[in-house]
Every structure is written in structure tokens, then in C-alpha cells.
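*Asks:* One file: final.cif (mmCIF, C-alpha atoms and all ligand atoms).
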data_target
#
loop_
_atom_site.label_atom_id
_atom_site.label_comp_id
_atom_site.auth_asym_id
_atom_site.auth_seq_id
_atom_site.Cartn_x
_atom_site.Cartn_y
_atom_site.Cartn_z
CA MET A 1 7.01 -14.41 75.29
CA LYS A 2 4.86 -11.55 76.54
CA LEU A 3 3.78 -8.78 74.22
CA LYS A 4 1.93 -5.73 75.37
CA ILE A 5 0.05 -4.10 72.51
CA LEU A 6 -1.36 -0.85 73.82
CA THR A 7 -2.08 0.77 70.52
CA LEU A 8 -4.28 -0.30 67.66
CA ILE A 9 -3.90 1.56 64.44
CA VAL A 10 -6.36 1.24 61.62
CA THR A 11 -4.98 1.13 58.07
CA GLY A 12 -4.85 4.50 56.38
CA SER A 13 -6.66 6.14 59.26
CA ALA A 14 -5.53 9.22 61.12
CA ILE A 15 -7.14 8.10 64.35
CA LEU A 16 -5.05 6.32 66.93
CA PHE A 17 -6.32 4.58 70.00
CA TYR A 18 -3.94 4.78 72.90
CA GLY A 19 -4.82 2.19 75.51
CA THR A 20 -8.50 2.25 76.30
CA ASN A 21 -9.21 5.82 77.31
CA GLN A 22 -7.09 8.20 75.29
CA ILE A 23 -7.88 9.11 71.71
CA LYS A 24 -5.74 11.35 69.58
CA VAL A 25 -7.10 12.68 66.31
CA SER A 26 -4.51 14.00 63.95
CA SER A 27 -4.93 16.64 61.30
CA LEU A 28 -5.36 15.48 57.74
CA GLU A 29 -3.68 18.66 56.54
CA SER A 30 0.07 18.64 56.17
CA GLU A 31 1.40 21.34 58.46
CA LYS A 32 5.02 22.34 58.13
CA SER A 33 6.79 21.14 61.23
CA ASN A 34 10.19 22.27 62.43
CA LEU A 35 11.83 18.92 62.70
CA LYS A 36 15.55 18.26 62.81
CA MET A 37 17.21 15.09 61.57
CA TYR A 38 20.52 14.01 63.10
CA VAL A 39 22.63 11.07 61.93
CA LEU A 40 24.78 8.76 64.02
CA ASP A 41 27.10 5.90 63.09
CA GLY A 42 25.62 2.41 63.50
CA GLY A 43 28.76 0.55 62.37
CA TYR A 44 29.65 -0.81 58.94
CA MET A 45 29.84 -4.06 57.00
CA VAL A 46 32.59 -5.56 54.88
CA VAL A 47 30.91 -7.69 52.22
CA ASN A 48 33.50 -10.25 51.09
CA ASP A 49 31.11 -11.83 48.60
CA LEU A 50 28.77 -9.32 47.00
CA SER A 51 27.05 -12.00 44.90
CA TYR A 52 24.54 -12.48 47.75
CA PHE A 53 23.12 -9.05 46.87
CA THR A 54 21.62 -10.07 43.53
CA GLN A 55 19.68 -12.93 41.93
CA ASP A 56 21.94 -12.91 38.85
CA GLU A 57 25.70 -13.15 38.24
CA SER A 58 26.39 -9.40 38.25
CA TYR A 59 28.36 -9.30 41.48
CA ASN A 60 30.39 -12.49 41.21
CA GLY A 61 33.87 -11.98 42.64
CA GLN A 62 33.06 -8.49 43.96
CA LYS A 63 33.50 -7.05 47.45
CA LYS A 64 32.09 -3.88 48.96
CA ILE A 65 32.07 -1.88 52.20
CA ILE A 66 28.63 -0.65 53.20
CA ASP A 67 27.75 1.94 55.86
CA ASN A 68 25.03 1.80 58.46
CA PRO A 69 23.60 5.12 59.68
CA VAL A 70 21.17 5.69 62.56
CA PHE A 71 18.72 8.59 62.33
CA ILE A 72 17.31 10.74 65.13
CA ILE A 73 14.34 13.00 64.47
CA GLU A 74 13.56 15.82 66.87
CA HIS A 75 9.97 16.96 66.42
CA GLU A 76 8.04 19.33 68.66
CA LYS A 77 5.79 16.40 69.58
CA GLY A 78 8.53 13.91 70.36
CA ARG A 79 11.85 12.27 69.68
CA LEU A 80 12.18 9.34 67.30
CA ILE A 81 15.03 6.99 66.42
CA TRP A 82 14.92 5.24 63.02
CA ASP A 83 17.15 2.14 62.92
CA VAL A 84 19.47 1.53 65.85
CA GLY A 85 22.58 0.08 64.22
CA LEU A 86 24.68 -3.00 64.88
CA PRO A 87 24.93 -4.16 68.52
CA ASP A 88 27.38 -2.07 70.54
CA ARG A 89 28.90 -5.24 72.00
CA LEU A 90 30.66 -5.80 68.64
CA ALA A 91 32.97 -2.91 69.56
CA ASP A 92 34.28 -4.92 72.54
CA ARG A 93 35.58 -7.89 70.52
CA ASN A 94 39.23 -8.74 70.19
CA PRO A 95 40.22 -8.87 66.51
CA SER A 96 41.08 -12.56 67.07
CA GLU A 97 37.40 -13.28 67.84
CA ILE A 98 36.30 -12.20 64.36
CA ASP A 99 35.95 -14.99 61.82
CA THR A 100 37.15 -13.19 58.70
CA THR A 101 36.27 -16.14 56.44
CA GLN A 102 32.55 -15.17 56.61
CA TRP A 103 30.92 -13.71 53.47
CA ILE A 104 29.94 -10.59 55.45
CA LEU A 105 31.67 -9.04 58.47
CA PHE A 106 30.10 -6.59 60.92
CA TYR A 107 32.02 -3.86 62.75
CA VAL A 108 31.24 -1.12 65.27
CA LYS A 109 33.79 1.65 65.75
CA GLU A 110 31.94 3.92 68.15
CA LYS A 111 29.16 2.64 70.38
CA LEU A 112 25.71 4.08 69.74
CA ILE A 113 25.16 4.63 73.47
CA ASP A 114 28.27 6.83 73.65
CA GLN A 115 27.12 8.85 70.63
CA ILE A 116 23.69 9.35 72.21
CA HIS A 117 25.25 10.46 75.50
CA ASN A 118 27.50 12.80 73.52
CA MET A 119 24.30 14.50 72.30
CA ASN A 120 23.28 14.96 75.97
CA MET A 121 20.48 12.45 75.44
CA THR A 122 19.64 9.12 77.05
CA PRO A 123 17.70 6.23 75.47
CA ASP A 124 14.85 6.93 77.94
CA SER A 125 14.32 10.32 76.27
CA PHE A 126 13.15 8.72 73.01
CA ASP A 127 9.38 8.64 72.63
CA TYR A 128 9.45 6.35 69.61
CA ILE A 129 11.65 3.69 68.09
CA ILE A 130 11.12 2.39 64.56
CA VAL A 131 13.43 -0.04 62.81
CA SER A 132 13.13 -0.61 59.08
CA HIS A 133 13.22 -4.35 59.83
CA SER A 134 14.49 -6.78 62.41
CA HIS A 135 17.91 -7.69 60.95
CA SER A 136 20.76 -7.19 63.42
CA ASP A 137 22.30 -4.21 61.58
CA HIS A 138 19.03 -2.27 62.06
CA ILE A 139 17.70 -3.53 65.39
CA GLY A 140 21.03 -4.31 67.09
CA ASN A 141 20.73 -1.81 69.97
CA ALA A 142 16.97 -1.94 70.47
CA ASN A 143 17.31 -3.12 74.06
CA TYR A 144 18.35 0.41 75.09
CA PHE A 145 14.90 1.72 74.09
CA LYS A 146 12.64 -0.26 76.37
CA THR A 147 10.73 2.83 77.55
CA SER A 148 10.00 4.05 73.99
CA THR A 149 6.93 3.09 71.97
CA TRP A 150 7.91 0.64 69.24
CA ILE A 151 6.08 1.49 66.01
CA VAL A 152 6.05 -1.62 63.86
CA ASP A 153 4.35 -3.15 60.83
CA GLU A 154 2.13 -6.03 61.98
CA ARG A 155 3.85 -8.57 59.70
CA GLU A 156 7.31 -7.52 60.84
CA LEU A 157 6.24 -7.89 64.45
CA GLU A 158 4.92 -11.37 63.76
CA TRP A 159 8.13 -12.28 61.96
CA ALA A 160 10.37 -10.80 64.67
CA MET A 161 8.52 -12.99 67.19
CA ARG A 162 8.50 -16.20 65.14
CA GLU A 163 9.61 -19.27 67.00
CA LYS A 164 12.97 -19.55 65.24
CA ALA A 165 13.89 -15.87 65.67
CA ASN A 166 16.92 -15.01 67.75
CA THR A 167 15.51 -12.09 69.74
CA LYS A 168 18.51 -11.32 71.92
CA ASN A 169 19.09 -7.94 70.26
CA TYR A 170 15.50 -6.81 70.90
CA ASP A 171 14.11 -8.79 73.84
CA SER A 172 13.23 -5.54 75.64
CA LEU A 173 11.10 -4.34 72.73
CA LEU A 174 8.89 -7.39 72.98
CA THR A 175 7.56 -6.12 76.32
CA ALA A 176 7.67 -2.41 75.43
CA GLN A 177 4.64 -0.33 74.54
CA THR A 178 3.96 -1.14 70.91
CA ALA A 179 2.07 0.63 68.12
CA VAL A 180 1.25 -1.88 65.42
CA PHE A 181 0.19 -0.68 61.97
CA LYS A 182 -0.71 -1.91 58.54
CA GLY A 183 0.14 -0.01 55.36
CA LYS A 184 1.40 3.30 56.68
CA PHE A 185 1.53 5.31 59.87
CA ASP A 186 1.76 9.06 60.48
CA VAL A 187 4.06 9.24 63.53
CA PHE A 188 3.36 12.76 64.82
CA GLY A 189 -0.11 13.23 63.32
CA ASP A 190 0.92 16.08 61.03
CA ASN A 191 2.17 14.11 57.99
CA SER A 192 5.75 15.23 58.71
CA VAL A 193 7.08 11.72 59.38
CA ILE A 194 5.34 8.73 57.81
CA VAL A 195 6.45 5.12 57.95
CA HIS A 196 5.37 2.98 54.98
CA SER A 197 5.30 -0.80 54.75
CA MET A 198 7.47 -1.93 51.85
CA PRO A 199 7.64 -5.70 52.32
CA GLY A 200 9.99 -8.09 50.53
CA HIS A 201 13.39 -7.80 52.19
CA THR A 202 11.58 -9.08 55.29
CA PRO A 203 7.80 -9.74 55.59
CA GLY A 204 7.08 -6.30 57.06
CA HIS A 205 10.04 -4.21 55.93
CA MET A 206 9.45 -0.42 56.24
CA ILE A 207 10.80 2.83 54.78
CA LEU A 208 10.54 6.34 56.27
CA GLN A 209 9.20 9.53 54.67
CA ILE A 210 10.33 12.81 56.25
CA GLU A 211 9.07 16.29 55.34
CA LEU A 212 12.05 18.62 55.57
CA LYS A 213 11.52 22.38 55.14
CA ASN A 214 12.27 22.37 51.44
CA GLU A 215 11.95 18.79 50.34
CA THR A 216 10.59 15.36 51.04
CA LEU A 217 13.17 12.78 52.06
CA PHE A 218 12.90 9.00 51.95
CA LEU A 219 15.11 6.70 54.00
CA SER A 220 15.31 3.41 52.13
CA GLY A 221 15.81 0.90 54.91
CA ASP A 222 17.05 -2.14 52.95
CA LEU A 223 14.64 -1.77 50.02
CA TYR A 224 17.95 -1.07 48.24
CA HIS A 225 21.45 -1.53 49.68
CA PHE A 226 23.35 0.58 47.16
CA ASN A 227 22.76 2.71 44.06
CA GLU A 228 23.19 -0.06 41.51
CA GLN A 229 20.47 -2.12 43.12
CA ARG A 230 18.05 0.74 42.59
CA GLN A 231 19.23 1.39 39.05
CA PHE A 232 18.94 -2.27 37.98
CA ARG A 233 16.24 -3.43 40.46
CA ARG A 234 18.54 -6.10 41.88
CA VAL A 235 17.12 -8.17 44.70
CA PRO A 236 19.41 -9.88 47.24
CA GLN A 237 19.35 -13.66 47.55
CA PHE A 238 18.58 -13.37 51.26
CA ASN A 239 15.36 -11.39 50.73
CA TYR A 240 12.22 -12.99 52.08
CA ASP A 241 10.18 -12.53 48.89
CA VAL A 242 11.50 -11.42 45.49
CA ASP A 243 8.11 -10.52 43.96
CA LYS A 244 7.05 -8.50 46.97
CA THR A 245 10.40 -6.69 46.89
CA LEU A 246 9.83 -5.73 43.24
CA GLU A 247 6.27 -4.60 44.01
CA SER A 248 7.59 -2.46 46.87
CA MET A 249 10.26 -0.99 44.58
CA ASN A 250 7.49 0.01 42.14
CA ARG A 251 5.37 1.61 44.86
CA PHE A 252 8.41 3.37 46.28
CA GLU A 253 9.47 4.85 42.94
CA GLU A 254 5.89 6.03 42.29
CA LEU A 255 5.90 7.85 45.64
CA VAL A 256 9.34 9.34 45.01
CA ASN A 257 8.21 10.65 41.60
CA LYS A 258 4.91 11.96 42.89
CA LEU A 259 6.55 13.90 45.71
CA ASN A 260 9.70 14.75 43.76
CA ALA A 261 11.55 13.40 46.77
CA LYS A 262 15.18 12.87 47.67
CA VAL A 263 16.23 9.30 48.48
CA ILE A 264 18.89 8.22 50.94
CA ILE A 265 19.93 4.59 50.43
CA GLN A 266 21.07 3.88 53.94
CA HIS A 267 23.88 1.40 53.18
CA GLU A 268 25.19 3.37 50.14
CA ARG A 269 28.51 5.02 50.94
CA ASN A 270 27.93 7.94 48.55
CA ASP A 271 24.65 8.75 50.30
CA TYR A 272 26.19 8.26 53.73
CA LYS A 273 28.91 10.80 52.93
CA GLU A 274 26.25 13.37 52.11
CA LEU A 275 24.48 13.02 55.46
CA PRO A 276 25.03 15.60 58.21
CA VAL A 277 27.58 14.75 60.92
CA TYR A 278 26.50 15.69 64.47
CA PRO A 279 26.18 18.49 65.64
CA GLU A 280 25.04 19.30 62.10
CA TYR A 281 21.53 18.31 61.12
CA TRP A 282 19.03 18.54 58.29
CA GLU A 283 15.77 20.39 58.78
ZN ZN B 1 20.78 -3.69 56.40
#
Can I see the file as C-alpha cells?
Ligand SMILES: [Zn+2]
*Replies:*
Amino acid sequence: MKLKILTLIVTGSAILFYGTNQIKVSSLESEKSNLKMYVLDGGYMVVNDLSYFTQDESYNGQKKIIDNPVFIIEHEKGRLIWDVGLPDRLADRNPSEIDTTQWILFYVKEKLIDQIHNMNMTPDSFDYIIVSHSHSDHIGNANYFKTSTWIVDERELEWAMREKANTKNYDSLLTAQTAVFKGKFDVFGDNSVIVHSMPGHTPGHMILQIELKNETLFLSGDLYHFNEQRQFRRVPQFNYDVDKTLESMNRFEELVNKLNAKVIIQHERNDYKELPVYPEYWE
């Protein structure tokens, strides 16, 4: 497997090295940018056995439907997609192909590619792709974004490329231009969009901080899947590391308090309902 790493990013530094000859130095001051955040539909999941979402007995016998948004950020310095939903090919299945005895079922109603075209955009127009982690509900359509720069935590990259990984949903990313970081990364160099490593769900799981005009917004990735998990610090059974998840939850809540920020739990239906529906956006 060939990986082309063109960018080296130093932890906590505002200096990026692009290739060998181009250096971009970003401002340390937070300037107010005029970004717009759009939301698309990346499918949904029917959880037939919610008990997988906690280490204790709290969810025994429960079911839940969870949503799966995709976020597009338009910034004067570029276009970014955060999480790319479940694979569009799921929309082409016959109902008879779906094994409904599984503990979790994945569905796509409207293909992401059609929604992007509906915005008069093409995948080639995205400068950056970031996925919170490499599970199929977040990286499912990554192969559309082969001309974008993939910004990724170094541990998540390693994990996504591990020998046992099924990479079919993101093969194209593995040969795309890649910006690998440790800790956190300021996407546009003005502190308006910052990706933070919050490991635990996967080895290099990430969350996104966005400076809107009047407030700071955090997109949770899968640090939490729904409100109760945040309230009671419940960690799914399928997380990579329980202790690291709890540490990340602590760091996340400290940041949220410090910045008095709003949190969107991406799979939480109540949060999903609050999000803007295209052509509406948040700014
Ligand atoms: Zn997820």
C-alpha cells in the first residue's frame, strides 16, 4: 500500500511544511473568519441492541435510531468536509439483501454525491477532507475525495492502514495528499477550524472545533453517540480503549467549559434536528 505524505505538522505548532519548498506560517491571533457550515445527510443507523453502547447493563433490551450528518465548511481559504457518511452504495440495495437480524443496521436514503451535486459542487472542489475516525459511517464515501488533502491524526492513519483493516471505503485516500498531525491542527491557519485528537473510540479519534460568528461549536465525532452517554460518561463496548475515551471526555469537557461552547453530538437525533438543512447554514 502506497502512502504519500506531503505534509509534516509539528505538534502544537502553527507552522506547516507543504512538500519541500512551500512554507505557510499562520497567525497565532484568532481572526474572525466568515465561514459557513452546511449539513448533509450521511444516512442513519437502526440499533437493534443498544447494550453495545455501554459497559454496564443500562441499555439492555433497548433499541434506538441514530442519525449521521456530514458537515461542509466554506472558508475564504478553502472548502472542507468533516465526516463523509455511510457508503452511497447502501442506497442501491434491495431490501431483501439486508440482514435485519444484525445488532445494528445501516441505511442511506439519499446519496451524498447527489446532495453535493445539488449544492453545485463536485468532490474535486474540496480542498480538505477530515473524518472523525475510520469507521464506515464516517469514512464511507471517502473515495470521492481523492484530490483533497486528507488531514488525519497520526495514530488514526496508522490504524486505518493496519494489516487487518478493510480499506475499500477509503482506498483512494491512502494515495491522496495527506497532512498528518499529532494533538491538534489549525486547518485554515486562523484558529477558526481546529481538529483535536480525542482518542479512545479509535486510536486516533478526532473532534472538530469551529468558530462561528457568535459562538464556538464542537462536533463530537463519536466521543459520544447520544446525550445520555455524555451525561453518564458511558463508553461503548466496541471502543478501542475505555480509559483513553474517559480521558478524552475529560479534556473535551474542559475545553467546552473554557470556551463556553455549544456541542453537537453527531449521532444524537435531538442535535441533528437542530442542524441547518441546506440551503440553510450556520455562520
Ligand atoms: Zn459513528
*Asks:* Would you please work out which residue, of A:Val242, A:Val180, A:Leu219, A:Met121, is nearest to A:Thr202 when using all atoms listed in the file?
*Replies:* A:Val242
*Asks:* Using only C-alpha atoms, which of the listed residues (A:Lys262, A:Lys182, A:Lys64, A:His201) sits closest to A:Arg234?
*Replies:*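 Smallest distance to A:Arg234 is found for A:His201.
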*Asks:* Using all atoms listed in the file, determine which residues fall within 12 Å of ligand ZN 1 (chain B), then list them as a PyMOL selection string.
*Replies:* chain A and resi 42-45+47+53+66-70+83-86+104+106+131-140+201-202+205-206+220-226+236+238-239+265-268
*Asks:* Neighbouring residues of A:Arg162 were defined as those with any atom within 12 Å, considering only C-alpha atoms; residues of the same chain fewer than 3 positions away were excluded. Please report them as a PyMOL selection string.
*Replies:* chain A and resi 1+134+155-159+165-167+174+203
*Asks:* Restricting the calculation to only C-alpha atoms: of A:Ile81, A:Met198, A:Val263, A:Met119, which residue gets closest to A:Leu217?
*Replies:*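 Ranked by minimum distance to A:Leu217, first place goes to A:Val263.
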*Asks:* Counting all atoms listed in the file, figure out which residue out of A:Phe71, A:Gln231, A:Asp92, A:Glu215 gets nearest to A:Glu253.
*Replies:* A:Gln231
*Asks:* May I ask which of the residues A:Pro199, A:Ile130, A:Ile65, A:Glu211 is the closest one to A:Tyr240, counting all atoms listed in the file?
*Replies:*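 Of A:Pro199, A:Ile130, A:Ile65, A:Glu211, the one nearest A:Tyr240, counting all atoms listed in the file, is A:Pro199.
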*Asks:* Which residue is closest to A:Ala261? Choose from A:Gly78, A:Leu208, A:Asp99, A:Lys244 and count all atoms listed in the file.
*Replies:*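 Nearest to A:Ala261: A:Leu208.
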*Asks:* Could you work out how far atom CA of A:Glu254 lies from atom CA of A:Ile210, giving the answer in Å with one decimal?
*Replies:*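 Rounded to one decimal, the two atoms are 16.1 Å apart.
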*Asks:* Go ahead and compute the interatomic distance for atom CA of A:Tyr272 and atom CA of A:Asn227, in Å to one decimal.
*Replies:*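 It comes out at 11.7 Å.
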*Asks:* Between atom CA of A:Asp124 and atom CA of A:Thr178, what is the distance, to one decimal in Å?
*Replies:*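 Between atom CA of A:Asp124 and atom CA of A:Thr178 the gap is 15.3 Å.
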*Asks:* Which residues are near A:Trp282? Cut-off 8 Å, only C-alpha atoms, ignore same chain within fewer than 2 positions. Put them as number ranges by chain.
*Replies:* A: 36-38, 212, 276, 280
*Asks:* Residues within 12 Å of A:Thr101, please, as a CSV table (one decimal) with C-alpha atoms, in the coordinates of the input. Count only C-alpha atoms; anything in the same chain fewer than 3 positions from it doesn't count.
*Replies:*
chain,number,residue,atom,x,y,z
A,46,VAL,CA,32.6,-5.6,54.9
A,47,VAL,CA,30.9,-7.7,52.2
A,48,ASN,CA,33.5,-10.2,51.1
A,49,ASP,CA,31.1,-11.8,48.6
A,97,GLU,CA,37.4,-13.3,67.8
A,98,ILE,CA,36.3,-12.2,64.4
A,104,ILE,CA,29.9,-10.6,55.4
A,105,LEU,CA,31.7,-9.0,58.5
